[in-house]
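Undergrad: Got a structure for you, query.csv, holding CSV, C-alpha atoms.
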chain,number,residue,atom,x,y,z
Y,1,MET,CA,-13.5,11.0,-7.2
Y,2,ALA,CA,-13.9,12.9,-3.9
Y,3,GLN,CA,-16.9,15.1,-3.9
Y,4,PRO,CA,-16.2,18.8,-3.4
Y,5,SER,CA,-17.1,20.2,0.0
Y,6,THR,CA,-20.4,22.0,0.3
Y,7,ASN,CA,-21.5,24.9,2.5
Y,8,GLN,CA,-23.8,22.5,4.3
Y,9,GLU,CA,-20.6,21.2,6.1
Y,10,ILE,CA,-20.0,24.5,8.0
Y,11,ASP,CA,-20.0,24.2,11.8
Y,12,PRO,CA,-22.6,26.1,13.8
Y,13,PHE,CA,-21.6,29.0,16.0
Y,14,TYR,CA,-22.4,27.4,19.3
Y,15,VAL,CA,-22.5,30.6,21.3
Y,16,MET,CA,-25.9,31.3,19.7
Y,17,GLU,CA,-27.2,28.1,21.4
Y,18,VAL,CA,-26.2,29.7,24.7
Y,19,VAL,CA,-27.9,32.9,23.8
Y,20,ALA,CA,-31.1,31.2,22.9
Y,21,ALA,CA,-31.1,29.2,26.1
Y,22,ALA,CA,-30.4,32.3,28.1
Y,23,GLN,CA,-33.3,34.2,26.4
Y,24,GLU,CA,-35.6,31.3,27.2
Y,25,ARG,CA,-34.6,31.4,30.8
Y,26,GLU,CA,-35.3,35.2,31.0
Y,27,GLN,CA,-38.6,34.8,29.2
Y,28,SER,CA,-39.6,32.4,32.0
Y,29,GLY,CA,-39.0,35.2,34.5
Y,30,GLU,CA,-35.6,34.0,35.8
Y,31,ALA,CA,-32.5,36.2,36.0
Y,32,VAL,CA,-29.5,35.7,33.8
Y,33,PHE,CA,-25.9,37.0,34.2
Y,34,HIS,CA,-24.8,37.6,30.6
Y,35,LEU,CA,-21.2,36.8,30.1
Y,36,GLU,CA,-21.7,34.9,26.8
Y,37,VAL,CA,-21.7,37.4,24.0
Y,38,GLY,CA,-19.1,40.0,22.9
Y,39,GLN,CA,-21.7,42.7,22.6
Y,40,PRO,CA,-21.4,46.0,24.5
Y,41,SER,CA,-24.4,46.6,26.8
Y,42,THR,CA,-24.5,50.2,25.6
Y,43,GLY,CA,-25.7,51.5,22.3
Y,44,ALA,CA,-24.3,53.9,19.8
Y,45,PRO,CA,-23.0,57.2,21.3
Y,46,LYS,CA,-25.5,59.9,21.9
Y,47,GLY,CA,-24.1,62.3,19.4
Y,48,ALA,CA,-24.4,59.6,16.7
Y,49,ILE,CA,-28.0,58.8,17.6
Y,50,GLU,CA,-28.9,62.5,17.3
Y,51,VAL,CA,-27.6,62.4,13.7
Y,52,ALA,CA,-29.7,59.4,13.0
Y,53,HIS,CA,-32.9,61.1,14.2
Y,54,ARG,CA,-32.2,64.1,12.0
Y,55,LEU,CA,-31.3,62.1,8.9
Y,56,LEU,CA,-34.5,60.0,9.2
Y,57,ASP,CA,-36.5,63.1,9.2
Y,58,GLU,CA,-34.6,64.9,6.4
Y,59,GLN,CA,-33.2,62.5,3.9
Y,60,THR,CA,-34.3,59.6,1.7
Y,61,LEU,CA,-31.2,57.6,2.4
Y,62,GLY,CA,-31.0,55.6,-0.8
Y,63,TYR,CA,-28.1,53.6,-2.3
Y,64,THR,CA,-24.6,54.9,-1.9
Y,65,THR,CA,-21.6,53.7,-3.9
Y,66,SER,CA,-20.2,50.3,-3.0
Y,67,ARG,CA,-17.4,52.1,-1.1
Y,68,GLY,CA,-19.7,54.2,1.0
Y,69,ILE,CA,-20.5,57.9,1.0
Y,70,PRO,CA,-17.7,60.2,-0.2
Y,71,GLU,CA,-16.9,61.7,3.2
Y,72,PHE,CA,-16.6,58.4,5.1
Y,73,ALA,CA,-13.2,57.2,3.9
Y,74,PRO,CA,-11.5,60.6,4.5
Y,75,ALA,CA,-13.0,60.6,8.0
Y,76,LEU,CA,-11.6,57.2,8.7
Y,77,ALA,CA,-8.2,58.2,7.3
Y,78,LYS,CA,-8.2,61.1,9.8
Y,79,HIS,CA,-9.2,58.7,12.6
Y,80,ILE,CA,-6.4,56.3,11.6
Y,81,GLY,CA,-4.0,59.2,11.5
Y,82,GLN,CA,-5.0,60.3,15.0
Y,83,GLN,CA,-5.0,56.8,16.4
Y,84,TYR,CA,-1.7,55.6,15.0
Y,85,ASP,CA,0.1,58.7,13.7
Y,86,LEU,CA,-0.2,57.2,10.2
Y,87,ASP,CA,-1.0,58.8,6.9
Y,88,VAL,CA,-3.3,56.5,4.9
Y,89,ASP,CA,-4.7,57.2,1.4
Y,90,PRO,CA,-8.5,57.3,1.7
Y,91,GLY,CA,-8.5,55.5,-1.7
Y,92,ARG,CA,-7.4,52.4,0.1
Y,93,ILE,CA,-10.3,52.4,2.5
Y,94,ALA,CA,-13.6,50.7,1.7
Y,95,ILE,CA,-16.7,50.8,3.9
Y,96,THR,CA,-18.4,47.4,4.5
Y,97,GLN,CA,-21.4,45.7,6.1
Y,98,GLY,CA,-19.6,45.1,9.4
Y,99,ALA,CA,-16.2,43.3,9.8
Y,100,SER,CA,-17.9,40.1,8.7
Y,101,GLY,CA,-18.8,41.6,5.3
Y,102,ALA,CA,-15.3,43.0,5.0
Y,103,PHE,CA,-13.8,39.5,5.6
Y,104,VAL,CA,-16.0,37.8,2.9
Y,105,LEU,CA,-15.1,40.4,0.3
Y,106,ALA,CA,-11.4,40.5,1.3
Y,107,LEU,CA,-11.0,36.7,1.2
Y,108,LEU,CA,-12.7,36.6,-2.3
Y,109,ALA,CA,-10.5,39.5,-3.5
Y,110,ALA,CA,-7.2,38.1,-2.1
Y,111,PHE,CA,-7.5,34.3,-2.7
Y,112,LYS,CA,-8.7,31.7,-5.1
Y,113,PRO,CA,-10.6,28.5,-4.2
Y,114,GLY,CA,-8.3,26.1,-2.5
Y,115,ALA,CA,-6.1,28.8,-0.9
Y,116,ARG,CA,-4.5,27.7,2.4
Y,117,VAL,CA,-5.1,30.4,5.0
Y,118,ALA,CA,-3.7,30.0,8.5
Y,119,VAL,CA,-5.9,30.7,11.6
Y,120,THR,CA,-5.2,30.3,15.2
Y,121,ALA,CA,-6.8,27.6,17.4
Y,122,PRO,CA,-8.3,28.8,19.7
Y,123,GLY,CA,-9.6,31.6,17.5
Y,124,TYR,CA,-12.7,33.2,16.2
Y,125,PRO,CA,-14.7,30.3,14.6
Y,126,CYS,CA,-16.2,32.4,11.8
Y,127,TYR,CA,-12.7,32.7,10.2
Y,128,ARG,CA,-12.5,29.0,9.5
Y,129,ASN,CA,-16.2,28.7,8.7
Y,130,MET,CA,-16.0,31.6,6.1
Y,131,LEU,CA,-12.9,30.0,4.5
Y,132,THR,CA,-14.8,26.7,4.3
Y,133,ALA,CA,-17.8,28.3,2.8
Y,134,LEU,CA,-15.6,30.0,0.2
Y,135,HIS,CA,-13.9,26.7,-0.7
Y,136,MET,CA,-10.7,27.7,0.9
Y,137,GLU,CA,-8.7,25.6,3.4
Y,138,PRO,CA,-8.3,26.9,7.0
Y,139,VAL,CA,-5.0,25.8,8.4
Y,140,ALA,CA,-5.0,25.5,12.2
Y,141,LEU,CA,-2.1,27.1,14.1
Y,142,ASN,CA,-2.3,25.5,17.6
Y,143,VAL,CA,-1.5,28.3,20.0
Y,144,ASP,CA,-1.4,28.0,23.7
Y,145,ALA,CA,-0.1,29.7,26.9
Y,146,SER,CA,3.5,29.2,25.7
Y,147,THR,CA,2.9,31.6,22.7
Y,148,ARG,CA,0.4,33.7,24.7
Y,149,PHE,CA,-2.3,32.3,22.4
Y,150,GLN,CA,-0.9,34.2,19.4
Y,151,PRO,CA,0.8,32.9,16.3
Y,152,THR,CA,4.6,32.9,15.9
Y,153,VAL,CA,6.9,32.7,12.9
Y,154,GLU,CA,7.9,29.2,13.9
Y,155,LEU,CA,4.2,28.1,13.7
Y,156,LEU,CA,3.8,29.7,10.3
Y,157,GLU,CA,7.0,27.9,9.1
Y,158,ALA,CA,5.7,24.6,10.4
Y,159,ALA,CA,2.3,25.0,8.7
Y,160,GLY,CA,3.5,24.1,5.2
Y,161,PRO,CA,2.8,26.3,2.1
Y,162,LEU,CA,0.4,29.2,2.9
Y,163,ASP,CA,-1.4,31.7,0.9
Y,164,GLY,CA,-2.5,33.8,3.8
Y,165,VAL,CA,-2.9,34.2,7.6
Y,166,ILE,CA,-5.5,35.8,9.7
Y,167,VAL,CA,-4.3,37.4,12.9
Y,168,ALA,CA,-6.4,39.1,15.6
Y,169,SER,CA,-4.7,41.4,18.2
Y,170,PRO,CA,-6.5,41.8,20.6
Y,171,SER,CA,-7.7,38.3,20.2
Y,172,ASN,CA,-11.1,36.7,20.5
Y,173,PRO,CA,-11.4,34.5,22.7
Y,174,THR,CA,-8.2,35.0,24.6
Y,175,GLY,CA,-7.9,38.7,24.8
Y,176,THR,CA,-4.1,38.5,24.2
Y,177,VAL,CA,-2.3,41.3,22.3
Y,178,LEU,CA,0.8,41.0,20.1
Y,179,SER,CA,3.6,43.4,21.0
Y,180,SER,CA,5.0,45.7,18.3
Y,181,SER,CA,8.1,43.5,17.8
Y,182,GLU,CA,6.0,40.3,17.6
Y,183,MET,CA,3.6,41.9,15.0
Y,184,THR,CA,6.6,43.2,13.0
Y,185,LYS,CA,8.2,39.8,12.8
Y,186,LEU,CA,5.0,38.1,11.6
Y,187,VAL,CA,4.3,40.8,9.0
Y,188,ALA,CA,7.9,40.7,7.7
Y,189,TRP,CA,7.8,36.9,7.4
Y,190,CYS,CA,4.6,37.1,5.4
Y,191,ASP,CA,6.0,39.7,3.1
Y,192,GLU,CA,9.2,37.7,2.6
Y,193,HIS,CA,7.3,34.5,1.8
Y,194,HIS,CA,4.5,36.2,-0.2
Y,195,VAL,CA,1.8,35.2,2.3
Y,196,ARG,CA,-1.1,37.7,2.6
Y,197,PHE,CA,-1.3,39.1,6.1
Y,198,ILE,CA,-4.9,39.8,7.2
Y,199,SER,CA,-5.2,41.8,10.5
Y,200,ASP,CA,-8.4,41.7,12.4
Y,201,GLU,CA,-8.3,44.9,14.4
Y,202,ILE,CA,-11.9,45.0,15.5
Y,203,TYR,CA,-10.9,45.2,19.2
Y,204,HIS,CA,-8.5,48.1,18.8
Y,205,GLY,CA,-9.2,50.8,21.3
Y,206,LEU,CA,-9.9,48.1,24.0
Y,207,THR,CA,-6.6,47.4,25.7
Y,208,TYR,CA,-5.6,47.5,29.4
Y,209,GLY,CA,-2.5,48.2,31.4
Y,210,GLU,CA,0.6,48.7,29.3
Y,211,SER,CA,-0.7,46.8,26.4
Y,212,ASN,CA,-1.1,48.7,23.1
Y,213,SER,CA,-2.5,47.7,19.7
Y,214,VAL,CA,-0.3,47.9,16.6
Y,215,THR,CA,-2.0,48.3,13.2
Y,216,ALA,CA,-0.6,46.2,10.4
Y,217,THR,CA,-1.1,49.1,8.1
Y,218,SER,CA,1.9,50.8,9.7
Y,219,LEU,CA,4.1,47.7,8.9
Y,220,SER,CA,3.3,46.7,5.3
Y,221,ASP,CA,1.4,48.0,2.3
Y,222,ASN,CA,0.6,44.4,1.5
Y,223,ALA,CA,-1.5,43.7,4.6
Y,224,ILE,CA,-5.3,43.8,4.6
Y,225,VAL,CA,-6.6,45.4,7.8
Y,226,ILE,CA,-10.2,44.9,8.9
Y,227,ASN,CA,-12.0,46.9,11.5
Y,228,SER,CA,-15.6,47.7,12.6
Y,229,PHE,CA,-17.8,50.0,14.7
Y,230,SER,CA,-19.2,47.1,16.7
Y,231,LYS,CA,-16.8,46.9,19.6
Y,232,TYR,CA,-15.1,50.1,20.7
Y,233,PHE,CA,-17.8,52.2,19.1
Y,234,SER,CA,-20.6,50.1,20.6
Y,235,MET,CA,-22.6,49.8,17.4
Y,236,THR,CA,-23.0,46.0,16.8
Y,237,GLY,CA,-26.5,46.1,15.3
Y,238,TRP,CA,-25.6,49.0,12.9
Y,239,ARG,CA,-23.5,46.5,10.9
Y,240,ILE,CA,-20.8,48.9,9.6
Y,241,GLY,CA,-17.1,48.2,9.2
Y,242,TRP,CA,-14.2,49.1,7.0
Y,243,THR,CA,-11.0,47.7,5.5
Y,244,VAL,CA,-7.6,49.2,4.5
Y,245,LEU,CA,-6.6,47.4,1.3
Y,246,PRO,CA,-3.4,47.0,-0.7
Y,247,ASP,CA,-3.6,49.1,-3.8
Y,248,GLU,CA,-3.6,46.0,-6.1
Y,249,LEU,CA,-6.8,44.7,-4.4
Y,250,THR,CA,-9.0,47.8,-4.4
Y,251,THR,CA,-10.6,47.4,-7.8
Y,252,ARG,CA,-11.3,43.7,-7.3
Y,253,PHE,CA,-12.7,44.4,-3.9
Y,254,ASP,CA,-15.0,47.2,-5.3
Y,255,ARG,CA,-16.3,45.0,-8.1
Y,256,LEU,CA,-17.1,42.2,-5.6
Y,257,ALA,CA,-18.9,44.6,-3.3
Y,258,GLN,CA,-20.9,46.1,-6.2
Y,259,ASN,CA,-22.2,42.6,-7.1
Y,260,LEU,CA,-22.6,41.0,-3.7
Y,261,VAL,CA,-23.8,43.7,-1.4
Y,262,ILE,CA,-24.4,46.8,-3.6
Y,263,CYS,CA,-23.5,49.1,-0.7
Y,264,PRO,CA,-23.3,49.4,3.0
Y,265,THR,CA,-26.4,50.7,4.9
Y,266,ALA,CA,-26.7,54.4,4.3
Y,267,LEU,CA,-28.0,55.4,7.7
Y,268,SER,CA,-25.3,53.4,9.5
Y,269,GLN,CA,-22.6,55.2,7.5
Y,270,HIS,CA,-23.7,58.7,8.6
Y,271,VAL,CA,-24.1,57.5,12.2
Y,272,ALA,CA,-20.6,56.0,12.2
Y,273,ILE,CA,-19.0,59.2,11.0
Y,274,ALA,CA,-20.7,61.0,13.9
Y,275,ALA,CA,-19.5,58.3,16.3
Y,276,LEU,CA,-15.9,59.1,15.3
Y,277,GLU,CA,-16.3,62.4,17.2
Y,278,CYS,CA,-17.7,60.8,20.4
Y,279,ARG,CA,-14.5,59.5,21.9
Y,280,ASP,CA,-15.1,60.9,25.4
Y,281,GLU,CA,-18.3,58.9,25.8
Y,282,LEU,CA,-16.7,55.8,24.3
Y,283,ASP,CA,-13.6,56.0,26.5
Y,284,GLN,CA,-16.0,55.9,29.5
Y,285,HIS,CA,-17.1,52.5,28.3
Y,286,VAL,CA,-13.5,51.3,28.2
Y,287,GLU,CA,-13.2,52.5,31.9
Y,288,ARG,CA,-16.2,50.3,32.7
Y,289,TYR,CA,-14.6,47.3,30.9
Y,290,THR,CA,-11.4,47.9,32.8
Y,291,ASN,CA,-13.4,47.7,36.1
Y,292,ASN,CA,-15.3,44.6,34.9
Y,293,ARG,CA,-12.1,42.9,33.9
Y,294,GLN,CA,-10.7,43.3,37.3
Y,295,ILE,CA,-13.8,41.9,39.0
Y,296,LEU,CA,-13.5,38.7,36.9
Y,297,LEU,CA,-9.7,38.5,37.3
Y,298,ASP,CA,-10.1,38.8,41.1
Y,299,GLY,CA,-13.3,36.6,41.3
Y,300,LEU,CA,-12.8,33.7,39.0
Y,301,PRO,CA,-9.9,32.2,41.0
Y,302,ALA,CA,-12.2,32.0,44.0
Y,303,ALA,CA,-14.6,30.0,41.8
Y,304,GLY,CA,-11.8,27.5,41.0
Y,305,MET,CA,-10.5,29.0,37.8
Y,306,THR,CA,-6.9,30.1,38.2
Y,307,ASP,CA,-5.5,29.2,34.7
Y,308,LEU,CA,-6.5,32.3,32.8
Y,309,ALA,CA,-5.1,33.7,29.6
Y,310,PRO,CA,-3.6,37.2,29.8
Y,311,ALA,CA,-6.6,39.5,29.3
Y,312,ASP,CA,-4.6,42.3,27.7
Y,313,GLY,CA,-7.4,43.5,25.4
Y,314,ALA,CA,-10.9,43.0,23.9
Y,315,PHE,CA,-13.4,42.1,26.6
Y,316,TYR,CA,-12.8,38.4,27.2
Y,317,ILE,CA,-11.2,36.1,29.7
Y,318,TRP,CA,-10.3,32.6,28.5
Y,319,ALA,CA,-10.3,30.2,31.5
Y,320,ARG,CA,-9.3,26.6,31.7
Y,321,THR,CA,-12.2,24.5,33.2
Y,322,ASP,CA,-11.4,20.9,32.6
Y,323,HIS,CA,-10.6,20.4,36.3
Y,324,LEU,CA,-14.2,21.4,37.0
Y,325,ALA,CA,-15.9,19.4,34.3
Y,326,ALA,CA,-14.7,17.3,31.4
Y,327,ASP,CA,-16.9,19.1,28.9
Y,328,SER,CA,-17.3,22.9,29.0
Y,329,LYS,CA,-20.5,22.7,26.9
Y,330,LEU,CA,-22.1,20.6,29.6
Y,331,LEU,CA,-20.6,22.8,32.3
Y,332,ALA,CA,-22.0,26.0,30.6
Y,333,ALA,CA,-25.5,24.3,30.4
Y,334,GLU,CA,-25.3,23.5,34.2
Y,335,TRP,CA,-24.2,27.0,35.1
Y,336,LEU,CA,-27.1,28.5,33.1
Y,337,ARG,CA,-29.7,26.1,34.4
Y,338,THR,CA,-28.7,26.2,38.1
Y,339,LEU,CA,-27.0,29.6,38.5
Y,340,GLY,CA,-28.3,31.8,35.7
Y,341,VAL,CA,-24.7,32.4,34.6
Y,342,ALA,CA,-24.4,32.4,30.8
Y,343,ALA,CA,-20.8,31.8,29.5
Y,344,THR,CA,-19.5,30.5,26.2
Y,345,PRO,CA,-18.0,27.0,26.0
Y,346,GLY,CA,-14.6,26.8,24.3
Y,347,ILE,CA,-15.7,24.4,21.6
Y,348,ASP,CA,-16.6,27.4,19.4
Y,349,PHE,CA,-13.0,28.5,19.4
Y,350,HIS,CA,-11.0,25.3,19.4
Y,351,PRO,CA,-12.6,22.2,17.7
Y,352,THR,CA,-10.4,19.7,19.5
Y,353,GLU,CA,-9.3,21.3,22.8
Y,354,GLY,CA,-12.2,23.8,23.4
Y,355,HIS,CA,-14.0,21.4,25.7
Y,356,LYS,CA,-11.3,22.3,28.3
Y,357,TYR,CA,-12.1,26.0,28.3
Y,358,MET,CA,-14.7,28.6,28.9
Y,359,ARG,CA,-14.9,32.2,27.6
Y,360,PHE,CA,-16.3,34.9,29.8
Y,361,SER,CA,-17.3,38.3,28.3
Y,362,PHE,CA,-17.0,41.3,30.5
Y,363,CYS,CA,-18.6,44.0,28.4
Y,364,GLY,CA,-21.8,44.1,30.5
Y,365,SER,CA,-22.4,46.0,33.7
Y,366,PRO,CA,-20.3,45.7,36.9
Y,367,GLU,CA,-23.4,44.4,38.7
Y,368,THR,CA,-23.6,41.5,36.2
Y,369,MET,CA,-19.9,40.7,36.8
Y,370,ARG,CA,-20.3,40.7,40.5
Y,371,GLY,CA,-23.5,38.7,40.4
Y,372,ALA,CA,-21.9,36.0,38.2
Y,373,VAL,CA,-18.7,35.8,40.3
Y,374,ASP,CA,-20.7,35.4,43.5
Y,375,ALA,CA,-22.9,32.7,42.0
Y,376,LEU,CA,-19.9,30.8,40.6
Y,377,THR,CA,-18.0,31.0,43.9
Y,378,LYS,CA,-20.9,29.6,45.8
Y,379,TRP,CA,-21.3,26.9,43.2
Y,380,ARG,CA,-17.6,26.0,43.6
Y,381,LEU,CA,-17.9,25.9,47.4
Y,382,ARG,CA,-20.8,23.5,47.1
Y,383,GLN,CA,-18.9,21.4,44.7
Y,384,LEU,CA,-15.9,21.1,47.1
Y,385,ALA,CA,-18.2,20.3,50.0
Y,386,SER,CA,-20.0,17.5,48.2
Represent the structure of the file as structure tokens.

TA:
Amino acid sequence: MAQPSTNQEIDPFYVMEVVAAAQEREQSGEAVFHLEVGQPSTGAPKGAIEVAHRLLDEQTLGYTTSRGIPEFAPALAKHIGQQYDLDVDPGRIAITQGASGAFVLALLAAFKPGARVAVTAPGYPCYRNMLTALHMEPVALNVDASTRFQPTVELLEAAGPLDGVIVASPSNPTGTVLSSSEMTKLVAWCDEHHVRFISDEIYHGLTYGESNSVTATSLSDNAIVINSFSKYFSMTGWRIGWTVLPDELTTRFDRLAQNLVICPTALSQHVAIAALECRDELDQHVERYTNNRQILLDGLPAAGMTDLAPADGAFYIWARTDHLAADSKLLAAEWLRTLGVAATPGIDFHPTEGHKYMRFSFCGSPETMRGAVDALTKWRLRQLAS
């Protein structure tokens, strides 16, 4: 009899190896151009930080309910209404320990062990690793430039029986965005075939040009929507997120949260509510990302990388690099060692094809982007001359 899979079989998150190597280089006194991690270089907005200082002086900040402090869900419902012109019942909104915490609870609430849940390849590796840890089966949808690195109905139909699908728009690592019509088709197919649609909307608020994010909440009451304060709100370390749930999953989700995490961090909840009112400051970050994106789009081709995914949203550029080196992991190590450029090899995001790609994050400073592009361009010129 085959032995059941164990959590020891979960793949590592390779980007953390790059982070560790970059930190080691910096500690030795050498400069690093950080393009490896999807973490804003800015912290929580000033208005939110002021609230944190006041609360630390004035309140005990003990346990909250598993769903969060009473005023949080209504504040998010208001935010959703303003963002998408949508009326959402606050009773469907649960506060979580980041988007990662929301995913674990949502997967447990929605599926049984053995459930087949589709994820894109390339795609965020923690989706498949979480599914594996929870004894569910990640089903790879091999997306590429022909599908703009997003799933299609045809790919879902070809995947065999499915219990669910996880879709990210904007996507990590490719930065591509589903149009309203594309998202509508996917959600409608899932509803028709009783497949649970899980929409990762953590990069909403970060789109460029004419691209615009569509929330699955506006398309189906059966969809699970997951979001976070990490990206647009620049609050990665505060570990606070939320989910919009179908009515039939709210009780199950609550009971799981009560037993597995007790409650989200109290201070982070108050700070996040304040951050909802700091849009002017946060939109300035998006202007910086827009500028950074253009620096890379203009500069990477000069460094030999012309095959780039459409960077419509998030803060990533997905570049094909197999003409520069056969293995992007070795290439990333060379760039860090010789140039001080830290980028993420694609093996994190696509187990079989990722060695052909590199992901660049542009959420740092413009100076970092220009420094990295300059170093990579000089490296390419030396490569061509040798």

Undergrad: Give me the residues within 9 Å of Val37 of chain Y as a PyMOL selection string, counting all atoms listed in the file and dropping any in the same chain fewer than 6 places off.

TA: chain Y and resi 15-16+18-19+342-344+360-363

Undergrad: Excluding Glu71 of chain Y and its own-chain neighbours fewer than 6 positions away, which residues fall within 10 Å of it when counting only C-alpha atoms? Please give them as a compact mmCIF listing (two decimals) with C-alpha atoms, in the coordinates of the input.

TA:
# COMPACT_ATOMS: atom_id res chain seq x y z
CA PRO Y 90 -8.50 57.30 1.70
CA GLN Y 269 -22.60 55.20 7.50
CA HIS Y 270 -23.70 58.70 8.60
CA ILE Y 273 -19.00 59.20 11.00

Undergrad: Which one is closest to Ala48 of chain Y: Y:Val271, Y:Ile295, Y:Leu381, Y:Met369? Count only C-alpha atoms.

TA: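 Smallest separation from Ala48 of chain Y among the options: Y:Val271.
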
Undergrad: Pick from Y:Leu156, Y:Ala21, Y:Met305, Y:Met183: nearest to Asp322 of chain Y, with all atoms listed in the file counted?

TA: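 Closest to Asp322 of chain Y, using all atoms listed in the file: Y:Met305.
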
Undergrad: For the interface of segment 133-171 of chain Y with segment 197-217 of chain Y (cut-off 12 Å, counting all atoms listed in the file), please tabulate each contacting residue of segment 133-171 of chain Y alongside its nearest pair of atoms and their separation in Å to one decimal, rows sorted by chain and increasing number, as a Markdown table.

TA:
| residue | atom | partner | partner_atom | distance |
| --- | --- | --- | --- | --- |
| Y:Leu156 | CA | Y:Phe197 | CA | 11.5 |
| Y:Leu162 | CA | Y:Phe197 | CA | 10.5 |
| Y:Asp163 | CA | Y:Phe197 | CA | 9.0 |
| Y:Gly164 | CA | Y:Phe197 | CA | 5.9 |
| Y:Val165 | CA | Y:Phe197 | CA | 5.4 |
| Y:Ile166 | CA | Y:Ile198 | CA | 4.8 |
| Y:Val167 | CA | Y:Ser199 | CA | 5.1 |
| Y:Ala168 | CA | Y:Asp200 | CA | 4.6 |
| Y:Ser169 | CA | Y:Glu201 | CA | 6.3 |
| Y:Pro170 | CA | Y:Tyr203 | CA | 5.7 |
| Y:Ser171 | CA | Y:Tyr203 | CA | 7.7 |

Undergrad: Quick one, how far is atom CA of Ala121 of chain Y from atom CA of Glu36 of chain Y?

TA: 19.1 Å

Undergrad: Which of these residues is nearest to Ala94 of chain Y, using all atoms listed in the file: Y:Gly241, Y:Pro301, Y:Gly313, Y:Gly175?

TA: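 Looking only at the distances to Ala94 of chain Y, the closest residue turns out to be Y:Gly241.
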
Undergrad: Interatomic distance between atom CA of Gly304 of chain Y and atom CA of Gly38 of chain Y?

TA: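 Going from atom CA of Gly304 of chain Y over to atom CA of Gly38 of chain Y covers 23.2 Å.
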
Undergrad: If I take atom CA of Ile10 of chain Y and atom CA of His350 of chain Y, how far is one from the other in Å, to one decimal?

TA: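 Separation of atom CA of Ile10 of chain Y and atom CA of His350 of chain Y: 14.5 Å.
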
Undergrad: Would you compute, for all listed atoms of segment 229-239 of chain Y, the axis-aligned bounding box grown by 3 Å on each side, and then report its centre and edge lengths in Å rounded to one decimal, as AutoDock Vina command-line options?

TA:
--center_x -20.8 --center_y 49.1 --center_z 15.8 --size_x 17.4 --size_y 12.2 --size_z 15.8

Undergrad: Using all atoms listed in the file, which of Y:Asn259, Y:Thr321, Y:Ser41, Y:Gln97 sits nearest Pro366 of chain Y?

TA: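 Ranking Y:Asn259, Y:Thr321, Y:Ser41, Y:Gln97 by distance to Pro366 of chain Y, first place goes to Y:Ser41.
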